[in-house]
Amino acid sequence: MNNCFIILAGGESKRFNSKTPKPYHLYKGKPLLLHSVDKAKSYKKFAKIVLVINKKHKDFIRKLNIKGVEIIYGGKTRAESAYIGLKYIKDYNIKNVMVHDAARPNFSLKLLDKLTKGLQLNECVIPAIQTSDSIKQKYLNKITNLKRENIYLIQTPQAFNFKKLYQLQNKKSFEVTDDANLFVKANKKIKIIKGEVNNNKITKNSDIKTNNSIRYGLGFDVHRLVVNKKLYLGGITIPSPLGTLGHSDGDPVLHAIIDAILGASSMGDIGEKFSDKNKKFKNIRSTILLGKIIKEIESKGYLINNIDINIITQKPKIQKYKKKITYYIAKLCNINPSQINIKGKTTEKLGVIGKEKAIACEVIASLIKYD
């Protein structure tokens, strides 16, 4: 399994026309480049994943806190960045490599399987689709009809025998627009497989089709504090002499998040989904319950846009746990930590919360509905 996946995300994004560089712009609920990163990770057949970024974007990449990926700085052009990526892995005894543009987030794992299979008999395998439009070429004011049967729209990821690609890249200049061009220029054999219609490239801001169906949900939960119970907040254990009383683990943060998500997706409430009359939910971790809800909303075409959380407690103070809770919730919800905001609130010692007899949480979540 000595294969490598290189993701190119080092462009200037000039045509995208946004203050946020294109690779870090939210697409279907998470930054564009994370779609490629997450799919490469889930494929489980890459010994190494390399992400090539623009040095100017280091503050953006730092906020994503990406694990299990080698992150390096690219060059001034796509071809130069691809060469830098290949040079980076040349001492790792890589057999095959796939090179992919982060601007194409919609490729499938099935396509990766086809590319991998194609490399068994070929040194260069690329996905492509044939156009159904009429094609004409204009050159020096002369228009020529082209046979659309001979026109291929090339996609990424593209798969290669690493040694052969590196040998060609090492000899060529940096004008090529995709890595298969090196094989074309060298008159080497290329295997073309059927690409995917949905594997479109995002170039301009308008290419990100946003569905106006942004929906909001409100969640609230409160639990009594008692002795001899653990205190769970946002999925993590908080050191405390008192814990929350509940049918499950009594995590008010995750319960409020679940209700907010269910509200935004018009799917009822947590009591309907996980009744406290049902023994199978007795002492169950709320992380499991939230995981079930996330799978359900994703199957219905919903993605979380953001979550805003107020944790209302006199003790413990939330400040020192905010970062850990944020990252844990982000992992549970399959979103980026930047999409979560947590605020610690007190009641100024008023009421049962102020007397340290209860903890409450309120949440507003927004979801995006995709076709």
# chains A, B, ... in the order shown; residues from 1 in each chain; ligands from 1

$ residues_around --residues "range 359-363 of chain A" --least-positions-apart "5" --cutoff "12 Å" --atoms "only C-alpha atoms" --output "PyMOL selection string"
chain A and resi 216-226+231-234+242-246+250-264+306-318+340-347+351-354

$ closest_atom_pairs --of "range 69-106 of chain A" --to "range 187-197 of chain A" --cutoff "12 Å" --atoms "only C-alpha atoms" --output "JSON lines"
{"residue": "A:Arg104", "atom": "CA", "partner": "A:Glu196", "partner_atom": "CA", "distance": 11.0}
{"residue": "A:Pro105", "atom": "CA", "partner": "A:Glu196", "partner_atom": "CA", "distance": 11.8}
{"residue": "A:Asn106", "atom": "CA", "partner": "A:Glu196", "partner_atom": "CA", "distance": 8.8}

$ write_last_selection --atoms "N, CA, C and O atoms" --output "mmCIF file, in the first residue's frame"
data_model
loop_
_atom_site.group_PDB
_atom_site.id
_atom_site.type_symbol
_atom_site.label_atom_id
_atom_site.label_comp_id
_atom_site.auth_asym_id
_atom_site.auth_seq_id
_atom_site.Cartn_x
_atom_site.Cartn_y
_atom_site.Cartn_z
ATOM 1 N N ARG A 104 -11.798 20.405 -7.059
ATOM 2 C CA ARG A 104 -12.767 19.367 -7.443
ATOM 3 C C ARG A 104 -13.129 18.551 -6.197
ATOM 4 O O ARG A 104 -12.494 17.534 -5.909
ATOM 5 N N PRO A 105 -14.152 18.966 -5.456
ATOM 6 C CA PRO A 105 -14.476 18.303 -4.187
ATOM 7 C C PRO A 105 -15.417 17.109 -4.308
ATOM 8 O O PRO A 105 -15.630 16.396 -3.332
ATOM 9 N N ASN A 106 -15.980 16.880 -5.506
ATOM 10 C CA ASN A 106 -17.099 15.938 -5.609
ATOM 11 C C ASN A 106 -16.749 14.579 -6.214
ATOM 12 O O ASN A 106 -17.641 13.835 -6.628
#

$ residues_around --residues "Thr156 in chain A" --least-positions-apart "3" --cutoff "8 Å" --atoms "only C-alpha atoms" --output "VMD selection string"
chain A and resid 99 to 101 104 126 to 127

$ write_last_selection --atoms "N, CA, C and O atoms" --output "short mmCIF file (atom, residue, chain, number, x, y, z; two decimals), in the first residue's frame"
data_model
loop_
_atom_site.label_atom_id
_atom_site.label_comp_id
_atom_site.auth_asym_id
_atom_site.auth_seq_id
_atom_site.Cartn_x
_atom_site.Cartn_y
_atom_site.Cartn_z
N VAL A 99 -2.59 12.66 -8.26
CA VAL A 99 -2.50 14.11 -8.11
C VAL A 99 -3.88 14.69 -8.36
O VAL A 99 -4.52 14.40 -9.37
N HIS A 100 -4.32 15.53 -7.42
CA HIS A 100 -5.70 16.02 -7.46
C HIS A 100 -5.76 17.51 -7.18
O HIS A 100 -4.99 18.04 -6.37
N ASP A 101 -6.69 18.18 -7.84
CA ASP A 101 -6.94 19.60 -7.59
C ASP A 101 -8.00 19.75 -6.51
O ASP A 101 -9.11 19.20 -6.64
N ARG A 104 -11.80 20.41 -7.06
CA ARG A 104 -12.77 19.37 -7.44
C ARG A 104 -13.13 18.55 -6.20
O ARG A 104 -12.49 17.53 -5.91
N ILE A 126 -6.23 8.51 -16.37
CA ILE A 126 -6.92 9.78 -16.10
C ILE A 126 -8.42 9.64 -16.36
O ILE A 126 -8.84 8.95 -17.28
N PRO A 127 -9.24 10.29 -15.54
CA PRO A 127 -10.69 10.28 -15.78
C PRO A 127 -11.08 11.41 -16.73
O PRO A 127 -10.49 12.50 -16.70
#

$ residues_around --residues "Ile294 in chain A" --least-positions-apart "3" --cutoff "9 Å" --atoms "only C-alpha atoms" --output "list in words"
Ile258, Ile261, Leu289, Leu290, Gly291, Ile297, Glu298, Ser299, Tyr302, Leu303, Ile304, Leu332, Cys333 and Asn334 of chain A

$ atom_distance --atom1 "CA of Ile208 in chain A" --atom2 "CA of Lys30 in chain A"
12.5 Å

$ select_by_dssp --residues "range 108-311 of chain A" --states "strand (DSSP E or B)" --output "ChimeraX atom specification"
/A:124-130,135-139,142-146,152-154,158-161,191-194,214-226,231-233,236-238,243-244,302-311

$ atom_distance --atom1 "CA of Ser213 in chain A" --atom2 "CA of Ile368 in chain A"
6.1 Å

$ residues_around --residues "Lys95 in chain A" --least-positions-apart "4" --cutoff "10 Å" --atoms "only C-alpha atoms" --output "number ranges by chain"
A: 1-4, 90, 160-164

$ write_last_selection --atoms "N, CA, C and O atoms" --output "mmCIF file, in the first residue's frame"
data_model
loop_
_atom_site.group_PDB
_atom_site.id
_atom_site.type_symbol
_atom_site.label_atom_id
_atom_site.label_comp_id
_atom_site.auth_asym_id
_atom_site.auth_seq_id
_atom_site.Cartn_x
_atom_site.Cartn_y
_atom_site.Cartn_z
ATOM 1 N N MET A 1 0.837 -1.199 0.000
ATOM 2 C CA MET A 1 0.000 0.000 0.000
ATOM 3 C C MET A 1 0.879 1.259 0.000
ATOM 4 O O MET A 1 0.651 2.202 0.725
ATOM 5 N N ASN A 2 1.948 1.231 -0.818
ATOM 6 C CA ASN A 2 2.856 2.367 -0.832
ATOM 7 C C ASN A 2 2.418 3.381 -1.881
ATOM 8 O O ASN A 2 3.128 3.674 -2.840
ATOM 9 N N ASN A 3 1.216 3.899 -1.693
ATOM 10 C CA ASN A 3 0.644 4.869 -2.622
ATOM 11 C C ASN A 3 0.513 6.222 -1.930
ATOM 12 O O ASN A 3 0.397 6.303 -0.711
ATOM 13 N N CYS A 4 0.496 7.257 -2.741
ATOM 14 C CA CYS A 4 0.418 8.614 -2.196
ATOM 15 C C CYS A 4 -0.664 9.410 -2.925
ATOM 16 O O CYS A 4 -0.906 9.205 -4.123
ATOM 17 N N LYS A 90 9.797 11.849 -3.002
ATOM 18 C CA LYS A 90 10.662 10.987 -3.819
ATOM 19 C C LYS A 90 11.518 10.018 -2.998
ATOM 20 O O LYS A 90 11.958 8.991 -3.527
ATOM 21 N N PHE A 160 -0.734 7.830 -11.491
ATOM 22 C CA PHE A 160 0.517 7.610 -12.215
ATOM 23 C C PHE A 160 1.429 6.632 -11.495
ATOM 24 O O PHE A 160 1.377 6.497 -10.267
ATOM 25 N N ASN A 161 2.273 5.994 -12.287
ATOM 26 C CA ASN A 161 3.452 5.348 -11.730
ATOM 27 C C ASN A 161 4.380 6.478 -11.286
ATOM 28 O O ASN A 161 4.738 7.344 -12.089
ATOM 29 N N PHE A 162 4.734 6.493 -10.012
ATOM 30 C CA PHE A 162 5.457 7.644 -9.479
ATOM 31 C C PHE A 162 6.791 7.893 -10.192
ATOM 32 O O PHE A 162 7.099 9.025 -10.587
ATOM 33 N N LYS A 163 7.593 6.856 -10.359
ATOM 34 C CA LYS A 163 8.920 7.041 -10.954
ATOM 35 C C LYS A 163 8.824 7.624 -12.357
ATOM 36 O O LYS A 163 9.598 8.514 -12.740
ATOM 37 N N LYS A 164 7.835 7.130 -13.130
ATOM 38 C CA LYS A 164 7.694 7.619 -14.498
ATOM 39 C C LYS A 164 7.243 9.080 -14.511
ATOM 40 O O LYS A 164 7.775 9.897 -15.280
#

$ atom_distance --atom1 "CA of Asn54 in chain A" --atom2 "CA of Ser338 in chain A"
20.0 Å
